[in-house]
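> Below you will find the structure I want to go over with you.
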Amino acid sequence: DISLKQRLLSGSPLFSIEFFPPKTDASAEQLLRTAEALKAYAPDFASITYGAGGSTRSRTLKYARHLREDYGYAVMPHLTCVGHSRDELRGIIAEFRDAGLGQIMALRGDPPKGESNFKPHPDGLHYANELVNLIHETYPECTVGVAGYPEMHPEAPTADADLVNLKRKVDSGAHFVTTQLFFDNEKYFSFVKRAREAGIKIPILPGLMCISSREQALRFCDMCGTTIPSELEQRLLSAANDAKAVEAVGTSWVFEQARELLDRGAPGIHLYILNRKGPAVELMKQLKNAGYYQA
Ligand code: FAD
């Protein structure tokens, strides 16, 4: 797993997929079926999210282990500062290290449901850059990813202030950035340009999501401040309540996005797959057939 750092420097596009830790037996089966199906495409790594309020600590580790040991993925667990003291965070980082997980996505996290402001644990961390430092202290060999926001983090006062924060995370030793989801590539290209001008040199991996429900997409976009281009909105409206048609719109949009991003020099693609097999397999197949993906 440690080779992700070298892989990032290799220059050939990197493909990664993101799972979330399931809560029920049925959703666990869904994750494992998807993991099995995507193995054939040998993504560079699979990331697994960390839930609100530290609630998924054990599930994140459990599925990270499962994906690594039973399916052979290089796994990047996410970790957030929410609800944890520094000592607890050190303990979790050590657990990830001892499970052979060579990379961690370092995040501040969102406030728990019902709270609007992030309140750090009394002996905890305020911002993700502090977590990057803590990971380096506890597990120096770890490859560390951080989040970037092409359309600005919703709490940031300005896009420039948000970029200063990203630079702080990079200066703390992050090795790469994964972006928040976006549907308009120009947002990514202008973000990367501004980041380069601000002296951020590490790879910025674009995060893309296959829409499978218009309502869900609108909800996500509303939550994280992502714009839905009017052309995509029109296509989704035309697909109306036909689930298969909506999925086809979502997959073809992401394929076109991925194609342009890779053609214009993006270092790879990170796919928010929401544990769903169909769109992810379809997209990987299309990227492989088009020669972007050598699995
Ligand atoms: P930070 O980088 O700490 O930034 C948070 C806010 O504080 C920003 O507005 C920033 O501009 C500001 N800020 C930072 N430092 C300073 C400072 N020193 N002074 C003043 N302002 C500052 N959430 C989860 O709960 N679990 C997950 O697994 C998860 N995975 C994610 C993966 C990706 C790729 C992305 C993009 C997001 C993910 N999130 C996840 C959501 C994330 O936790 C939220 O967006 C959260 O609100 C911010 O996290 P951050 O790490 O970007 O925070």
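Ligands are numbered from 1 in the order shown, residues from 1 within each chain, and chains are lettered A, B, ... in the order they appear in the structure tokens.
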Give me the residues of chain A that have any atom at most 7 Å from an atom of ligand 1; for each, the nearest atom pair and the distance in Å, rounded to one decimal. Use only C-alpha atoms and all ligand atoms, sort by chain and number, and format it as a tab-separated table.

```
residue	atom	partner	partner_atom_place_in_ligand_line	distance
A:Ile48	CA	ligand 1	28 (O)	6.8
A:Thr49	CA	ligand 1	28 (O)	3.3
A:Tyr50	CA	ligand 1	28 (O)	3.8
A:Gly51	CA	ligand 1	25 (O)	4.9
A:Ala52	CA	ligand 1	25 (O)	4.8
A:His78	CA	ligand 1	28 (O)	4.8
A:Leu79	CA	ligand 1	28 (O)	6.3
A:Thr80	CA	ligand 1	26 (N)	6.1
A:Ala106	CA	ligand 1	51 (O)	6.2
A:Leu107	CA	ligand 1	51 (O)	3.2
A:Arg108	CA	ligand 1	51 (O)	4.0
A:Gly109	CA	ligand 1	43 (O)	3.0
A:Asp110	CA	ligand 1	47 (O)	4.3
A:His126	CA	ligand 1	3 (O)	6.8
A:Tyr127	CA	ligand 1	3 (O)	3.5
A:Ala128	CA	ligand 1	3 (O)	3.8
A:Asn129	CA	ligand 1	3 (O)	6.2
A:Val146	CA	ligand 1	51 (O)	6.4
A:Ala147	CA	ligand 1	36 (C)	4.3
A:Gly148	CA	ligand 1	36 (C)	5.6
A:Tyr149	CA	ligand 1	36 (C)	6.4
A:His153	CA	ligand 1	9 (O)	4.9
A:Pro154	CA	ligand 1	9 (O)	6.2
A:Glu155	CA	ligand 1	9 (O)	4.2
A:Ala156	CA	ligand 1	9 (O)	3.7
A:Ala161	CA	ligand 1	11 (O)	6.0
A:Asp162	CA	ligand 1	11 (O)	3.9
A:Asn165	CA	ligand 1	14 (C)	4.9
A:Leu166	CA	ligand 1	2 (O)	6.5
A:Lys169	CA	ligand 1	2 (O)	7.0
A:Thr178	CA	ligand 1	34 (C)	4.7
A:Thr179	CA	ligand 1	36 (C)	5.0
A:Gln180	CA	ligand 1	36 (C)	3.7
A:Gly207	CA	ligand 1	34 (C)	6.9
```
> Those same residues, written as an mmCIF file, in the first residue's frame with C-alpha atoms?

```cif
data_model
loop_
_atom_site.group_PDB
_atom_site.id
_atom_site.type_symbol
_atom_site.label_atom_id
_atom_site.label_comp_id
_atom_site.auth_asym_id
_atom_site.auth_seq_id
_atom_site.Cartn_x
_atom_site.Cartn_y
_atom_site.Cartn_z
ATOM 1 C CA ILE A 48 -13.864 4.157 2.823
ATOM 2 C CA THR A 49 -15.539 7.056 4.568
ATOM 3 C CA TYR A 50 -15.731 7.880 8.256
ATOM 4 C CA GLY A 51 -19.216 8.665 9.544
ATOM 5 C CA ALA A 52 -20.591 11.617 11.446
ATOM 6 C CA HIS A 78 -11.030 8.377 5.980
ATOM 7 C CA LEU A 79 -10.649 9.889 9.424
ATOM 8 C CA THR A 80 -12.355 12.967 10.876
ATOM 9 C CA ALA A 106 -7.476 13.477 6.739
ATOM 10 C CA LEU A 107 -10.660 15.490 7.307
ATOM 11 C CA ARG A 108 -12.107 17.813 9.866
ATOM 12 C CA GLY A 109 -15.617 16.385 9.348
ATOM 13 C CA ASP A 110 -19.036 17.983 9.551
ATOM 14 C CA HIS A 126 -9.982 22.258 15.061
ATOM 15 C CA TYR A 127 -8.988 21.779 11.425
ATOM 16 C CA ALA A 128 -7.880 19.081 9.036
ATOM 17 C CA ASN A 129 -4.342 20.469 8.757
ATOM 18 C CA VAL A 146 -6.938 15.965 2.029
ATOM 19 C CA ALA A 147 -10.172 17.465 0.702
ATOM 20 C CA GLY A 148 -10.327 20.359 -1.779
ATOM 21 C CA TYR A 149 -13.358 22.355 -2.860
ATOM 22 C CA HIS A 153 -16.191 24.910 1.233
ATOM 23 C CA PRO A 154 -19.632 26.144 2.388
ATOM 24 C CA GLU A 155 -18.227 27.621 5.624
ATOM 25 C CA ALA A 156 -15.330 29.502 4.020
ATOM 26 C CA ALA A 161 -9.566 32.069 2.221
ATOM 27 C CA ASP A 162 -10.473 28.475 1.390
ATOM 28 C CA ASN A 165 -6.602 26.682 4.074
ATOM 29 C CA LEU A 166 -5.826 24.136 1.388
ATOM 30 C CA LYS A 169 -2.995 21.385 4.653
ATOM 31 C CA THR A 178 -9.292 14.751 -3.663
ATOM 32 C CA THR A 179 -11.966 17.233 -4.648
ATOM 33 C CA GLN A 180 -15.541 17.558 -3.557
ATOM 34 C CA GLY A 207 -14.049 13.593 -7.473
#
```
> Can you list every residue in range 85-184 of chain A that DSSP puts in strand (DSSP E), as a list in words?
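Assigned to strand (DSSP E), within range 85-184 of chain A: Gln103, Ile104, Met105, Ala106, Leu107, Thr143, Val144, Gly145, Val146, Ala147, Gly148, Phe176, Val177, Thr178, Thr179, Gln180 and Leu181 of chain A.
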> Output the selection as a CSV table (one decimal), in the first residue's frame - C-alpha atoms for each residue.

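The resulting file, selection05.csv, is reproduced below:
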```csv
chain,number,residue,atom,x,y,z
A,103,GLN,CA,-2.9,5.9,3.3
A,104,ILE,CA,-5.4,8.0,5.2
A,105,MET,CA,-7.8,10.8,4.1
A,106,ALA,CA,-7.5,13.5,6.7
A,107,LEU,CA,-10.7,15.5,7.3
A,143,THR,CA,0.4,8.7,2.4
A,144,VAL,CA,-2.1,11.5,3.3
A,145,GLY,CA,-4.9,12.8,1.3
A,146,VAL,CA,-6.9,16.0,2.0
A,147,ALA,CA,-10.2,17.5,0.7
A,148,GLY,CA,-10.3,20.4,-1.8
A,176,PHE,CA,-2.6,14.7,-2.7
A,177,VAL,CA,-6.0,16.4,-2.8
A,178,THR,CA,-9.3,14.8,-3.7
A,179,THR,CA,-12.0,17.2,-4.6
A,180,GLN,CA,-15.5,17.6,-3.6
A,181,LEU,CA,-17.9,16.3,-6.3
```
> Quick one: residues within 10 Å of Pro150 in chain A, only C-alpha atoms counted, chain neighbours fewer than 5 positions away excluded, as a PyMOL selection string?
chain A and resi 159+162-163+179-182+184-192+194-195+206+225-226
> Taking 4 positions as the minimum chain separation for residues in the same chain, which residues sit within 10 Å of Pro267 in chain A when counting only C-alpha atoms? Answer as a PyMOL selection string.
chain A and resi 8-15+202-206+261-262
> Export, as a compact mmCIF listing (two decimals), in the first residue's frame, the selected residues with C-alpha atoms.

```txt
# COMPACT_ATOMS: atom_id res chain seq x y z
CA LEU A 8 1.09 9.51 -7.54
CA LEU A 9 4.39 10.62 -9.01
CA SER A 10 4.27 8.18 -11.94
CA GLY A 11 2.26 10.48 -14.19
CA SER A 12 -0.15 7.81 -15.48
CA PRO A 13 -3.78 8.39 -14.49
CA LEU A 14 -4.89 6.97 -11.18
CA PHE A 15 -8.38 5.52 -10.60
CA ILE A 202 0.58 18.15 -5.35
CA PRO A 203 -1.87 16.11 -7.52
CA ILE A 204 -5.51 17.25 -7.35
CA LEU A 205 -7.69 14.23 -8.03
CA PRO A 206 -11.14 15.18 -9.37
CA LEU A 261 -10.54 15.85 -17.40
CA LEU A 262 -8.04 13.16 -18.41
```
> One number please: CA of Pro112 in chain A to CA of Met223 in chain A, in Å, one decimal.
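Distance reported for this atom pair: 13.8 Å.
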> Just asking: which residues within range 101-154 of chain A are alpha helix (DSSP H) according to DSSP, as JSON, numbers by chain?
{"A": [128, 129, 130, 131, 132, 133, 134, 135, 136, 137, 138]}
> I'd like the neighbourhood of range 137-139 of chain A as a VMD selection string, where a residue qualifies if any of its atoms comes within 8 Å (using only C-alpha atoms), though same-chain residues fewer than 5 positions away should be ignored.
chain A and resid 90 93 to 94 97
> Export, as a tab-separated table (two decimals), in the first residue's frame, the selected residues with N, CA and C atoms.

```tsv
chain	number	residue	atom	x	y	z
A	90	ARG	N	-4.85	9.46	17.79
A	90	ARG	CA	-3.57	8.73	17.68
A	90	ARG	C	-3.82	7.22	17.68
A	93	ILE	N	-5.26	6.11	14.32
A	93	ILE	CA	-4.22	6.13	13.28
A	93	ILE	C	-3.33	4.88	13.44
A	94	ALA	N	-3.02	4.55	14.70
A	94	ALA	CA	-2.17	3.36	14.94
A	94	ALA	C	-2.91	2.09	14.51
A	97	ARG	N	-2.62	1.88	10.85
A	97	ARG	CA	-1.23	1.47	10.51
A	97	ARG	C	-1.08	-0.03	10.73
```
> Considering only C-alpha atoms, give me a table of residues in range 147-214 of chain A that are at most 12 Å from range 276-291 of chain A, with the closest atom pair and distance in Å for each, as a Markdown table.

```
| residue | atom | partner | partner_atom | distance |
| --- | --- | --- | --- | --- |
| A:Leu208 | CA | A:Ala280 | CA | 10.8 |
| A:Met209 | CA | A:Ala280 | CA | 9.3 |
| A:Cys210 | CA | A:Pro279 | CA | 6.5 |
| A:Ile211 | CA | A:Pro279 | CA | 8.6 |
| A:Ser212 | CA | A:Pro279 | CA | 8.1 |
| A:Ser213 | CA | A:Pro279 | CA | 11.9 |
```
> Hey, can you spit out that residue selection with C-alpha atoms as a compact mmCIF listing (two decimals), in the first residue's frame?

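Writing done, so here's again18.txt:
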```
# COMPACT_ATOMS: atom_id res chain seq x y z
CA LEU A 208 -16.97 12.55 -9.69
CA MET A 209 -20.33 11.04 -8.86
CA CYS A 210 -22.65 8.97 -11.08
CA ILE A 211 -26.12 10.34 -10.45
CA SER A 212 -28.72 7.66 -9.96
CA SER A 213 -31.51 9.81 -8.54
```
> CA of Cys224 in chain A and CA of Tyr292 in chain A, how far apart in Å?
28.8 Å
> What's the separation between CA of Ile273 in chain A and CA of Ser58 in chain A, in Å to one decimal place?
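The value is 21.3 Å.
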